[in-house]
file target24.cif (mmCIF, C-alpha atoms and all ligand atoms)
data_query
#
loop_
_atom_site.label_atom_id
_atom_site.label_comp_id
_atom_site.auth_asym_id
_atom_site.auth_seq_id
_atom_site.Cartn_x
_atom_site.Cartn_y
_atom_site.Cartn_z
CA MET A 1 -37.89 88.17 80.10
CA SER A 2 -35.26 88.27 82.81
CA TRP A 3 -34.47 91.23 85.06
CA ARG A 4 -31.93 93.43 83.28
CA ALA A 5 -28.97 95.29 84.71
CA VAL A 6 -27.09 97.73 82.50
CA VAL A 7 -23.94 99.23 84.02
CA LEU A 8 -22.28 102.27 82.48
CA THR A 9 -18.70 102.45 83.66
CA LEU A 10 -15.10 103.25 82.77
CA PHE A 11 -14.17 99.90 84.33
CA PRO A 12 -16.39 97.21 82.75
CA ASP A 13 -13.97 94.53 83.99
CA MET A 14 -15.23 95.17 87.52
CA PHE A 15 -18.49 93.41 86.50
CA PRO A 16 -19.93 90.97 87.34
CA GLY A 17 -16.98 90.69 89.75
CA PRO A 18 -18.21 89.19 93.01
CA LEU A 19 -21.71 88.87 91.53
CA ALA A 20 -20.43 85.95 89.41
CA LEU A 21 -20.26 83.91 92.63
CA SER A 22 -22.76 82.70 95.20
CA LEU A 23 -26.49 83.38 94.93
CA ALA A 24 -26.32 86.17 92.36
CA GLY A 25 -23.84 84.23 90.21
CA ARG A 26 -26.07 81.16 90.05
CA ALA A 27 -29.05 83.35 89.18
CA LEU A 28 -26.98 85.06 86.45
CA ALA A 29 -25.95 81.69 85.00
CA ASP A 30 -29.57 80.50 85.20
CA GLY A 31 -30.82 83.56 83.29
CA VAL A 32 -32.87 84.94 86.18
CA TRP A 33 -31.13 88.23 85.53
CA ALA A 34 -28.93 89.55 82.72
CA LEU A 35 -25.99 91.92 82.92
CA ARG A 36 -24.74 94.26 80.21
CA THR A 37 -21.87 96.66 80.68
CA ILE A 38 -21.42 99.79 78.61
CA ASP A 39 -17.89 101.19 78.48
CA ILE A 40 -18.29 104.96 78.72
CA ARG A 41 -14.98 105.43 76.93
CA ASP A 42 -16.47 103.90 73.77
CA PHE A 43 -18.51 107.11 73.44
CA ALA A 44 -15.59 109.53 73.53
CA THR A 45 -15.29 111.49 70.31
CA ASP A 46 -11.82 113.02 70.31
CA ARG A 47 -8.67 111.22 69.26
CA HIS A 48 -7.47 110.93 72.85
CA ARG A 49 -10.75 109.18 73.77
CA SER A 50 -11.11 111.59 76.67
CA VAL A 51 -14.16 111.23 78.89
CA ASP A 52 -13.45 113.88 81.50
CA ASP A 53 -12.24 117.44 81.87
CA VAL A 54 -11.30 119.97 84.55
CA PRO A 55 -14.13 121.48 86.62
CA PHE A 56 -15.38 124.95 85.71
CA GLY A 57 -14.70 127.22 88.66
CA GLY A 58 -11.52 125.37 89.51
CA GLY A 59 -10.79 122.79 92.14
CA ALA A 60 -9.28 119.35 92.32
CA GLY A 61 -10.20 116.32 90.22
CA MET A 62 -11.90 115.75 86.92
CA VAL A 63 -15.54 115.74 85.86
CA LEU A 64 -17.15 113.30 83.42
CA ARG A 65 -18.28 115.18 80.30
CA PRO A 66 -22.03 115.50 79.71
CA ASP A 67 -21.86 114.77 75.97
CA VAL A 68 -19.94 111.52 76.44
CA VAL A 69 -22.13 110.33 79.33
CA ASP A 70 -25.28 111.25 77.39
CA ALA A 71 -24.20 109.22 74.37
CA ALA A 72 -23.44 106.25 76.65
CA LEU A 73 -26.86 106.57 78.31
CA ALA A 74 -28.51 106.63 74.88
CA ALA A 75 -27.12 103.13 74.36
CA ALA A 76 -28.83 101.82 77.51
CA ASP A 77 -32.36 100.35 77.50
CA PRO A 78 -34.72 103.37 77.57
CA ASP A 79 -37.39 101.50 79.56
CA LEU A 80 -35.15 100.93 82.59
CA PRO A 81 -35.03 103.34 85.54
CA ALA A 82 -31.67 105.12 85.37
CA ILE A 83 -29.66 105.71 88.54
CA CYS A 84 -26.41 107.61 89.06
CA LEU A 85 -24.36 106.28 91.98
CA THR A 86 -22.94 109.20 93.94
CA PRO A 87 -22.19 110.01 97.58
CA ARG A 88 -24.45 113.05 97.06
CA GLY A 89 -27.45 110.83 96.33
CA ALA A 90 -30.37 109.81 98.50
CA PRO A 91 -29.48 106.86 100.76
CA LEU A 92 -30.33 103.48 99.24
CA THR A 93 -33.09 101.78 101.24
CA GLN A 94 -34.56 98.29 101.30
CA ALA A 95 -37.84 99.82 100.10
CA ARG A 96 -36.16 101.26 96.99
CA VAL A 97 -34.34 97.97 96.39
CA ARG A 98 -37.65 96.09 96.64
CA ASP A 99 -39.25 98.42 94.07
CA LEU A 100 -36.32 98.04 91.68
CA ALA A 101 -36.40 94.24 92.02
CA ALA A 102 -40.13 94.28 91.20
CA GLY A 103 -39.52 96.24 87.99
CA PRO A 104 -37.87 95.37 84.65
CA GLY A 105 -34.32 96.07 85.88
CA VAL A 106 -32.05 99.07 86.30
CA ALA A 107 -29.45 101.14 84.43
CA LEU A 108 -26.60 102.25 86.67
CA LEU A 109 -24.20 105.09 85.87
CA CYS A 110 -20.96 104.79 87.83
CA GLY A 111 -19.31 108.14 88.43
CA ARG A 112 -15.55 108.51 88.67
CA TYR A 113 -13.21 111.35 89.45
CA GLU A 114 -15.04 114.21 91.12
CA GLY A 115 -18.33 113.23 89.54
CA VAL A 116 -20.55 113.70 86.52
CA ASP A 117 -21.47 117.02 84.90
CA GLN A 118 -24.72 118.06 86.60
CA ARG A 119 -26.43 118.94 83.33
CA VAL A 120 -26.60 115.38 82.04
CA ILE A 121 -27.96 114.22 85.39
CA GLU A 122 -30.75 116.79 85.05
CA ALA A 123 -31.34 116.36 81.30
CA ARG A 124 -31.70 112.59 81.70
CA GLY A 125 -33.65 112.87 84.97
CA LEU A 126 -31.24 110.48 86.66
CA GLU A 127 -32.07 109.38 90.18
CA GLN A 128 -29.03 109.94 92.42
CA VAL A 129 -28.37 107.21 94.96
CA SER A 130 -25.71 106.75 97.66
CA VAL A 131 -24.86 103.51 99.44
CA GLY A 132 -23.61 105.23 102.57
CA ASP A 133 -22.05 108.27 104.15
CA TYR A 134 -18.49 107.62 103.02
CA VAL A 135 -16.69 108.28 99.75
CA LEU A 136 -15.68 105.46 97.41
CA SER A 137 -13.18 106.01 94.60
CA GLY A 138 -15.98 105.41 92.11
CA GLY A 139 -19.58 104.28 91.76
CA GLU A 140 -18.67 100.71 90.75
CA PRO A 141 -18.63 99.12 94.23
CA ALA A 142 -21.88 100.99 94.96
CA ALA A 143 -23.43 99.53 91.79
CA LEU A 144 -22.34 96.05 92.90
CA VAL A 145 -23.98 96.67 96.28
CA LEU A 146 -27.24 97.80 94.70
CA LEU A 147 -27.31 94.87 92.27
CA ASP A 148 -26.57 92.33 95.01
CA ALA A 149 -29.41 93.72 97.13
CA ALA A 150 -31.88 93.66 94.22
CA VAL A 151 -30.94 90.32 92.64
CA ARG A 152 -31.37 88.36 95.88
CA LEU A 153 -35.01 89.50 95.92
CA LEU A 154 -35.78 88.23 92.40
CA PRO A 155 -38.19 85.29 92.33
CA GLY A 156 -36.38 81.98 92.78
CA VAL A 157 -33.01 83.43 93.80
CA MET A 158 -33.20 82.89 97.53
CA GLY A 159 -33.60 79.37 98.83
CA ALA A 160 -35.92 80.14 101.72
CA ALA A 161 -38.37 82.76 100.47
CA ALA A 162 -39.36 83.57 104.04
CA SER A 163 -35.91 84.76 104.98
CA ALA A 164 -36.25 87.97 102.93
CA GLU A 165 -39.29 88.94 104.97
CA ASP A 166 -37.30 88.53 108.19
CA ASP A 167 -34.40 90.64 106.93
CA SER A 168 -33.19 93.70 108.70
CA PHE A 169 -35.16 96.77 107.49
CA SER A 170 -38.01 94.76 105.93
CA ALA A 171 -40.20 95.50 108.95
CA GLY A 172 -38.40 98.76 109.73
CA LEU A 173 -36.25 97.11 112.42
CA LEU A 174 -32.78 95.61 112.49
CA GLU A 175 -32.98 91.84 112.63
CA TYR A 176 -32.71 89.81 115.86
CA PRO A 177 -29.47 87.84 116.50
CA HIS A 178 -28.99 84.25 115.31
CA TYR A 179 -27.60 81.13 116.98
CA THR A 180 -26.81 77.58 115.85
CA ARG A 181 -25.16 74.48 117.29
CA PRO A 182 -23.37 73.85 119.58
CA ALA A 183 -25.86 74.99 122.23
CA GLU A 184 -22.93 75.87 124.46
CA TRP A 185 -19.67 77.23 123.06
CA GLN A 186 -16.68 78.54 125.04
CA GLY A 187 -18.92 78.77 128.08
CA ARG A 188 -21.53 80.82 126.22
CA ALA A 189 -25.07 79.41 126.16
CA VAL A 190 -27.70 80.07 123.53
CA PRO A 191 -30.66 82.09 124.92
CA PRO A 192 -32.78 79.33 126.56
CA VAL A 193 -36.03 80.43 124.92
CA LEU A 194 -34.64 79.38 121.53
CA LEU A 195 -34.38 75.78 122.82
CA SER A 196 -37.86 75.80 124.37
CA GLY A 197 -39.81 74.75 121.28
CA ASN A 198 -42.37 77.43 122.24
CA HIS A 199 -42.86 79.21 118.92
CA ALA A 200 -44.88 82.09 120.35
CA ALA A 201 -42.26 82.73 123.03
CA ILE A 202 -39.49 82.57 120.41
CA ALA A 203 -41.31 85.06 118.16
CA ALA A 204 -41.84 87.40 121.11
CA TRP A 205 -38.15 87.17 122.11
CA ARG A 206 -37.04 87.88 118.56
CA GLN A 207 -39.35 90.88 118.31
CA GLU A 208 -38.02 92.25 121.61
CA GLU A 209 -34.41 91.76 120.53
CA ALA A 210 -35.07 93.42 117.16
CA GLU A 211 -36.60 96.39 118.94
CA ARG A 212 -33.82 96.60 121.54
CA ILE A 213 -31.04 96.47 118.94
CA THR A 214 -32.75 99.03 116.72
CA ARG A 215 -33.34 101.36 119.69
CA GLU A 216 -29.67 101.09 120.75
CA ARG A 217 -27.98 101.28 117.35
CA ARG A 218 -30.30 103.18 115.06
CA PRO A 219 -32.32 105.89 116.80
CA ASP A 220 -33.35 107.13 113.33
CA LEU A 221 -34.92 103.80 112.34
CA TRP A 222 -36.42 103.43 115.81
CA ALA A 223 -38.15 106.82 115.63
CA ALA A 224 -39.59 105.98 112.19
CA TYR A 225 -40.73 102.56 113.41
CA ARG A 226 -42.41 104.06 116.47
CA ALA A 227 -44.15 106.68 114.33
CA GLY A 228 -45.45 103.88 112.09
CA ALA A 229 -46.52 101.69 115.03
CA ASP A 230 -48.45 104.63 116.47
CA ARG A 231 -50.62 104.64 113.36
CA LEU A 232 -51.57 100.97 113.77
CA PRO A 233 -54.96 100.15 115.29
CA ALA A 234 -53.51 97.76 117.92
CA PRO A 235 -50.50 98.87 119.99
CA ALA A 236 -48.80 95.60 119.09
CA ALA A 237 -45.13 96.45 119.30
CA ARG A 238 -44.59 99.60 121.28
CA ARG A 239 -41.76 100.26 123.58
CA ASN A 240 -39.93 103.34 124.72
N1 LIG A 301 -19.45 106.96 94.66
C1 LIG A 301 -18.53 107.32 95.57
N2 LIG A 301 -18.98 107.16 96.81
C2 LIG A 301 -20.24 106.66 96.71
C3 LIG A 301 -21.23 106.30 97.64
N3 LIG A 301 -21.03 106.40 98.96
N4 LIG A 301 -22.41 105.85 97.18
C4 LIG A 301 -22.63 105.76 95.85
N5 LIG A 301 -21.73 106.10 94.92
C5 LIG A 301 -20.54 106.54 95.34
#
call {"tool": "encode", "arguments": {"input": "target24.cif", "output": "structure tokens"}}
result
Amino acid sequence: MSWRAVVLTLFPDMFPGPLALSLAGRALADGVWALRTIDIRDFATDRHRSVDDVPFGGGAGMVLRPDVVDAALAAADPDLPAICLTPRGAPLTQARVRDLAAGPGVALLCGRYEGVDQRVIEARGLEQVSVGDYVLSGGEPAALVLLDAAVRLLPGVMGAAASAEDDSFSAGLLEYPHYTRPAEWQGRAVPPVLLSGNHAAIAAWRQEEAERITRERRPDLWAAYRAGADRLPAPAARRN
């Protein structure tokens, strides 16, 4: 059985969107994963087909109704982990993506307006996930991000299996920089070690670059990496 994505949204036409192209699109066509959209509006009960209402307590925007969202969630596969995309969620990590890719699939609830009534999030035990510290106009682009990240890890999707292991974050570091031909371009040379054919020296250079870039750009990742490295028996990759 293929990996299953169920997306609950007011805008089903946004899917598969960009995921119909490239790696994920080929995998979708090949049946490596399957996509089902559920139109939340189909579960509205009044004659206006309304899905949202004003927030109790006042304030701007509209809130998705718990009864409508609950009925839509009841139509999703009950064996899939259910995630609500929201800027208030826990940050999406490569580790979480890896776990989701290793499971049966995922059900994704895309919030709109000011959000989703908190009671249905609690009643359904939805995991709340954010794709970054910025606000999108809805959860749909976040769902596309999560699906892209998970689908590329499914068996057979990526050409070179090794490249996922080298990815940024897989080892807790940002990835080293890449170079290809020409060896000199606009007066800029490729780092000579990469042309040396010395695989140990190349691996050491890449490790150093990954550590340097992480230290400079992501002090948070660097601190976590250092804390992890300190627990290793051999002080293999330590640097201040
Ligand atoms: N919906 C709106 N902004 C979002 C974000 N940053 N992550 C996930 N879902 C969102």
call {"tool": "residues_near_ligand", "arguments": {"input": "target24.cif", "ligand": "ligand LIG 301 (chain A)", "cutoff": "12 Å", "atoms": "all atoms listed in the file", "output": "ChimeraX atom specification"}}
result
/A:9,83-92,108-116,127-146
call {"tool": "axis_aligned_box", "arguments": {"input": "target24.cif", "around": "region 140-157 of chain A", "padding_each_side": "8 Å", "output": "AutoDock Vina command-line options"}}
result
--center_x -28.4 --center_y 91.5 --center_z 93.9 --size_x 35.6 --size_y 35.0 --size_z 22.4
call {"tool": "atom_distance", "arguments": {"input": "target24.cif", "atom1": "CA of Asp13 (chain A)", "atom2": "CA of Gln118 (chain A)"}}
result
26.0 Å
call {"tool": "atom_distance", "arguments": {"input": "target24.cif", "atom1": "CA of Ile38 (chain A)", "atom2": "CA of Arg98 (chain A)"}}
result
24.5 Å
call {"tool": "residues_around", "arguments": {"input": "target24.cif", "residues": "Val32 (chain A)", "least_positions_apart": "2", "cutoff": "8 Å", "atoms": "all atoms listed in the file", "output": "tab-separated table (two decimals) with C-alpha atoms, in the coordinates of the input"}}
result
chain	number	residue	atom	x	y	z
A	2	SER	CA	-35.26	88.27	82.81
A	3	TRP	CA	-34.47	91.23	85.06
A	27	ALA	CA	-29.05	83.35	89.18
A	28	LEU	CA	-26.98	85.06	86.45
A	29	ALA	CA	-25.95	81.69	85.00
A	30	ASP	CA	-29.57	80.50	85.20
A	34	ALA	CA	-28.93	89.55	82.72
A	154	LEU	CA	-35.78	88.23	92.40
A	157	VAL	CA	-33.01	83.43	93.80
call {"tool": "closest_residue", "arguments": {"input": "target24.cif", "among": "A:Leu80, A:Ala5, A:Ala171, A:Val190", "to": "Glu211 (chain A)", "atoms": "only C-alpha atoms"}}
result
A:Ala171
call {"tool": "closest_residue", "arguments": {"input": "target24.cif", "among": "A:Pro81, A:Val68, A:Glu165, A:Gly17", "to": "Gly125 (chain A)", "atoms": "all atoms listed in the file"}}
result
A:Pro81
call {"tool": "atom_distance", "arguments": {"input": "target24.cif", "atom1": "CA of Arg36 (chain A)", "atom2": "CA of Val6 (chain A)"}}
result
4.8 Å
call {"tool": "closest_residue", "arguments": {"input": "target24.cif", "among": "A:Ala74, A:Ala229, A:Ala183, A:Leu174", "to": "Glu216 (chain A)", "atoms": "only C-alpha atoms"}}
result
A:Leu174
call {"tool": "residues_near_point", "arguments": {"input": "target24.cif", "point": "(-19.6, 98.6, 83.3)", "cutoff": "6 Å", "atoms": "all atoms listed in the file", "output": "list in words"}}
result
Val7, Leu8, Thr9, Phe11, Pro12, Thr37, Ile38 and Asp39 of chain A
call {"tool": "closest_residue", "arguments": {"input": "target24.cif", "among": "A:Leu100, A:Asp117, A:Asp79, A:Val151", "to": "Met62 (chain A)", "atoms": "only C-alpha atoms"}}
result
A:Asp117
call {"tool": "closest_residue", "arguments": {"input": "target24.cif", "among": "A:Val193, A:Ala107, A:Val69, A:Ile213", "to": "Val120 (chain A)", "atoms": "all atoms listed in the file"}}
result
A:Val69
call {"tool": "decode", "arguments": {"input": "target24.cif", "residues": "region 181-203 of chain A", "atoms": "N, CA, C and O atoms", "output": "CSV table (one decimal), in the first residue's frame"}}
result
chain,number,residue,atom,x,y,z
A,181,ARG,N,31.4,22.0,-12.5
A,181,ARG,CA,32.2,22.7,-13.6
A,181,ARG,C,31.5,24.0,-14.0
A,181,ARG,O,30.3,24.1,-13.9
A,182,PRO,N,32.2,24.9,-14.5
A,182,PRO,CA,33.7,24.9,-14.7
A,182,PRO,C,34.5,25.1,-13.4
A,182,PRO,O,34.0,25.8,-12.5
A,183,ALA,N,35.7,24.6,-13.4
A,183,ALA,CA,36.5,24.7,-12.2
A,183,ALA,C,36.9,26.2,-11.9
A,183,ALA,O,37.2,26.5,-10.7
A,184,GLU,N,36.9,27.0,-12.9
A,184,GLU,CA,37.1,28.4,-12.7
A,184,GLU,C,36.0,29.2,-13.4
A,184,GLU,O,35.7,28.9,-14.6
A,185,TRP,N,35.3,30.1,-12.7
A,185,TRP,CA,34.2,30.8,-13.3
A,185,TRP,C,34.2,32.3,-12.8
A,185,TRP,O,34.3,32.5,-11.6
A,186,GLN,N,34.3,33.2,-13.8
A,186,GLN,CA,34.4,34.6,-13.5
A,186,GLN,C,35.5,34.9,-12.5
A,186,GLN,O,35.3,35.7,-11.5
A,187,GLY,N,36.6,34.2,-12.7
A,187,GLY,CA,37.7,34.5,-11.8
A,187,GLY,C,37.6,33.8,-10.4
A,187,GLY,O,38.5,33.9,-9.6
A,188,ARG,N,36.6,33.0,-10.2
A,188,ARG,CA,36.4,32.3,-8.9
A,188,ARG,C,36.7,30.9,-9.1
A,188,ARG,O,36.2,30.2,-9.9
A,189,ALA,N,37.7,30.4,-8.3
A,189,ALA,CA,38.1,29.0,-8.3
A,189,ALA,C,37.3,28.2,-7.4
A,189,ALA,O,36.8,28.7,-6.3
A,190,VAL,N,37.2,26.9,-7.7
A,190,VAL,CA,36.6,25.9,-6.8
A,190,VAL,C,37.6,25.7,-5.7
A,190,VAL,O,38.8,25.7,-5.9
A,191,PRO,N,37.2,25.4,-4.4
A,191,PRO,CA,38.2,25.1,-3.4
A,191,PRO,C,39.1,23.9,-3.8
A,191,PRO,O,38.5,22.9,-4.2
A,192,PRO,N,40.4,24.1,-3.8
A,192,PRO,CA,41.3,23.1,-4.5
A,192,PRO,C,41.2,21.7,-3.9
A,192,PRO,O,41.3,20.8,-4.7
A,193,VAL,N,40.8,21.6,-2.7
A,193,VAL,CA,40.7,20.3,-2.1
A,193,VAL,C,39.7,19.4,-2.8
A,193,VAL,O,39.9,18.2,-2.9
A,194,LEU,N,38.7,20.0,-3.4
A,194,LEU,CA,37.6,19.3,-4.1
A,194,LEU,C,38.2,18.7,-5.4
A,194,LEU,O,37.5,17.8,-5.9
A,195,LEU,N,39.3,19.2,-5.9
A,195,LEU,CA,39.9,18.7,-7.1
A,195,LEU,C,41.0,17.7,-6.8
A,195,LEU,O,41.7,17.2,-7.7
A,196,SER,N,41.3,17.5,-5.5
A,196,SER,CA,42.5,16.7,-5.1
A,196,SER,C,42.3,15.2,-5.3
A,196,SER,O,43.3,14.5,-5.4
A,197,GLY,N,41.1,14.7,-5.4
A,197,GLY,CA,40.9,13.3,-5.4
A,197,GLY,C,41.2,12.6,-4.1
A,197,GLY,O,41.0,11.4,-4.0
A,198,ASN,N,41.5,13.4,-3.1
A,198,ASN,CA,41.8,12.8,-1.7
A,198,ASN,C,40.4,12.8,-1.0
A,198,ASN,O,40.0,13.8,-0.4
A,199,HIS,N,39.8,11.6,-0.9
A,199,HIS,CA,38.5,11.5,-0.4
A,199,HIS,C,38.4,11.8,1.1
A,199,HIS,O,37.4,12.4,1.6
A,200,ALA,N,39.4,11.5,1.9
A,200,ALA,CA,39.4,11.8,3.3
A,200,ALA,C,39.6,13.3,3.5
A,200,ALA,O,38.9,13.9,4.4
A,201,ALA,N,40.4,13.9,2.7
A,201,ALA,CA,40.6,15.4,2.8
A,201,ALA,C,39.3,16.1,2.4
A,201,ALA,O,38.9,17.1,3.1
A,202,ILE,N,38.6,15.6,1.4
A,202,ILE,CA,37.4,16.2,1.0
A,202,ILE,C,36.3,16.1,2.1
A,202,ILE,O,35.6,17.0,2.4
A,203,ALA,N,36.2,14.9,2.7
A,203,ALA,CA,35.2,14.7,3.7
A,203,ALA,C,35.5,15.6,4.9
A,203,ALA,O,34.6,16.2,5.5
